[in-house]
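*Asks:* My questions will all concern the structure given below.
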Amino acid sequence: MNSLVVVSHSDLDSLTHHAARATVDAITGAGGSVEFADLAAEGFDPRFSPDDLNLFRGKGTVPDDVAAEQERIDRADHLVLVFPMYWWSAPALLKGWIDRVFVNGWAYEFTPGSEFVKKLDRLTVHLVVVAGDDADSFERHGINEAFATQIERGVIEYCGGTVGSTTFVHESDTKGRDVLAEEVRALAEEIASRVSKLETVDA
């Protein structure tokens, strides 16, 4: 099984990047094959351009940078998205990546008058979200449900993918470094375990 770990954060020394690298190391340590994508370092353009709009309208071709991202995902059985939570959702860079890459004809197939087809049923997606707030606040304000509606159901399941796991690293600005390091280690090992278990079952 192959995994693609995608990180969205401009600071290489951020907790988000530490979580992404720990996940790569854990999957590799468990014998998995991993590809790593750093959207900020690679300069991915998240803006939905006229070319993207033409593609959406069925009048254009897939932009080269979008095709390259789709090919990376096509090589993976597991997609791991690692990102900080901004305004109860994903940062603009990752949101734009989803907007441009998960498009009609590749992630799903929709033509008026025809049956809707989900095309990513082979893909399992894991979400690692770094959040400043605490778990109790998430529960009080309904953030867990809002997140599940927006991203788990609104993106992953909409395209036929399977939600493998969703992990929040809470209180990222206030917890001690040792506590956060242990949480990151545990979540990385859990994702690696899920990937390896599915690989064993499929084998």
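Chains: A, B, ... in order of the structure tokens. Residues: from 1 per chain. Ligands: from 1, in order shown.
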Within 12 Å of A:Glu42, counting only C-alpha atoms, which residues show up once you throw out same-chain ones fewer than 3 positions away? Write them as a PyMOL selection string, please.
*Replies:* chain A and resi 6-10+36-39+45-46+65+69+93
*Asks:* Restricting it to C-alpha atoms, dump the selection as a PDB file, in the first residue's frame.
*Replies:*
ATOM      1  CA  VAL A   6       0.065  16.304   2.360  1.00  0.00           C
ATOM      2  CA  VAL A   7       0.988  19.143   4.711  1.00  0.00           C
ATOM      3  CA  SER A   8      -0.285  22.710   4.508  1.00  0.00           C
ATOM      4  CA  HIS A   9       1.763  25.149   6.597  1.00  0.00           C
ATOM      5  CA  SER A  10       4.400  27.719   5.655  1.00  0.00           C
ATOM      6  CA  PHE A  36       5.351  13.577   0.935  1.00  0.00           C
ATOM      7  CA  ALA A  37       3.811  16.776  -0.440  1.00  0.00           C
ATOM      8  CA  ASP A  38       4.520  20.175   1.129  1.00  0.00           C
ATOM      9  CA  LEU A  39       2.064  22.496  -0.609  1.00  0.00           C
ATOM     10  CA  ASP A  45      -1.314  27.954  -6.443  1.00  0.00           C
ATOM     11  CA  PRO A  46      -4.662  27.577  -4.627  1.00  0.00           C
ATOM     12  CA  ASP A  65      -0.308  21.466 -11.904  1.00  0.00           C
ATOM     13  CA  GLU A  69      -1.574  16.461  -7.991  1.00  0.00           C
ATOM     14  CA  LEU A  93      -3.854  26.782   0.714  1.00  0.00           C
TER      15      LEU A  93
END
*Asks:* Compile the contact shell of A:Leu53 as a PyMOL selection string: residues with an atom at most 12 Å away, counting only C-alpha atoms, same-chain residues fewer than 4 positions apart removed.
*Replies:* chain A and resi 47-49+57-63+99-100+103-104
*Asks:* Need to verify the contact set: A:Arg75, 10 Å, only C-alpha atoms, exclusion of same-chain residues closer than 2 positions in sequence. Can you return it as an NGL selection string?
*Replies:* :A and (1-4 or 35 or 70-73 or 77-79)
*Asks:* Leaving out A:Ala148 and any residue of its chain fewer than 3 positions from it, which residues lie within 12 Å of it when counting only C-alpha atoms, given as a ChimeraX atom specification?
*Replies:* /A:88-89,127,142-145,151-158,163,165-167
*Asks:* Quick one: residues within 8 Å of A:Val82, only C-alpha atoms, excluding same-chain residues fewer than 2 positions away - as a ChimeraX atom specification?
*Replies:* /A:5-8,16-17,19-20,80,84,127-130
*Asks:* So, counting only C-alpha atoms, which residue among A:Asn54, A:Thr28, A:Ser193, A:Ser172 is closest to A:Asp133?
*Replies:*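 Smallest distance to A:Asp133 is found for A:Ser172.
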*Asks:* Can you pull out the residues contacting stretch 113-121 of chain A? Cut-off 6 Å, using only C-alpha atoms, and skip same-chain residues under 3 positions away; I want them as a list in words.
*Replies:* Ala107, Tyr108, Glu109, Phe110, Cys159, Gly160 and Gly161 of chain A
*Asks:* Give me, as a PyMOL selection string, the residues of stretch 9-149 of chain A that a backbone DSSP run labels alpha helix (DSSP H).
*Replies:* chain A and resi 15-29+39-42+50-56+64-74+92-101+135-141+143-147
*Asks:* Can you tell me which residues surround stretch 178-192 of chain A at a distance of at most 7 Å, considering only C-alpha atoms, apart from same-chain residues fewer than 3 positions away, and format the answer as a list in words?
*Replies:*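 Surrounding residues, per the criterion: Ala19, Ala22, Thr23, Ala26, Ile27, Ala30, Lys175, Val195 and Ser196 of chain A.
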*Asks:* Go ahead and write the residues just picked, C-alpha atoms, as a CSV table (one decimal), in the first residue's frame.
*Replies:*
chain,number,residue,atom,x,y,z
A,19,ALA,CA,3.1,15.9,12.9
A,22,ALA,CA,6.3,12.0,12.3
A,23,THR,CA,3.5,10.4,10.3
A,26,ALA,CA,5.9,6.0,11.3
A,27,ILE,CA,4.4,4.7,8.1
A,30,ALA,CA,5.9,0.1,9.6
A,175,LYS,CA,0.3,22.6,26.1
A,195,VAL,CA,-2.5,1.7,7.1
A,196,SER,CA,-0.6,-1.6,7.9
*Asks:* Could you tell me which of A:Gly164, A:Gly176, A:Arg122, A:Glu171 comes closest to A:Ser137 if we count only C-alpha atoms?
*Replies:*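 The closest residue to A:Ser137 is A:Glu171.
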*Asks:* Could you please write out, as a list in words, every residue of stretch 101-176 of chain A that DSSP assigns to strand (DSSP E or B)?
*Replies:*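 Reading the DSSP output for stretch 101-176 of chain A, strand (DSSP E or B) covers Asn104, Tyr108, Glu109, Val117, Lys118, Thr124, Val125, His126, Leu127, Val128, Val129, Val130, Thr162, Val163, Gly164, Ser165, Thr166, Thr167, Phe168 and Val169 of chain A.
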*Asks:* Kindly give the distance, in Å, that separates atom CA of A:Gly132 and atom CA of A:Asp25, rounded to a single decimal.
*Replies:*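 Separating atom CA of A:Gly132 from atom CA of A:Asp25 is a distance of 24.6 Å.
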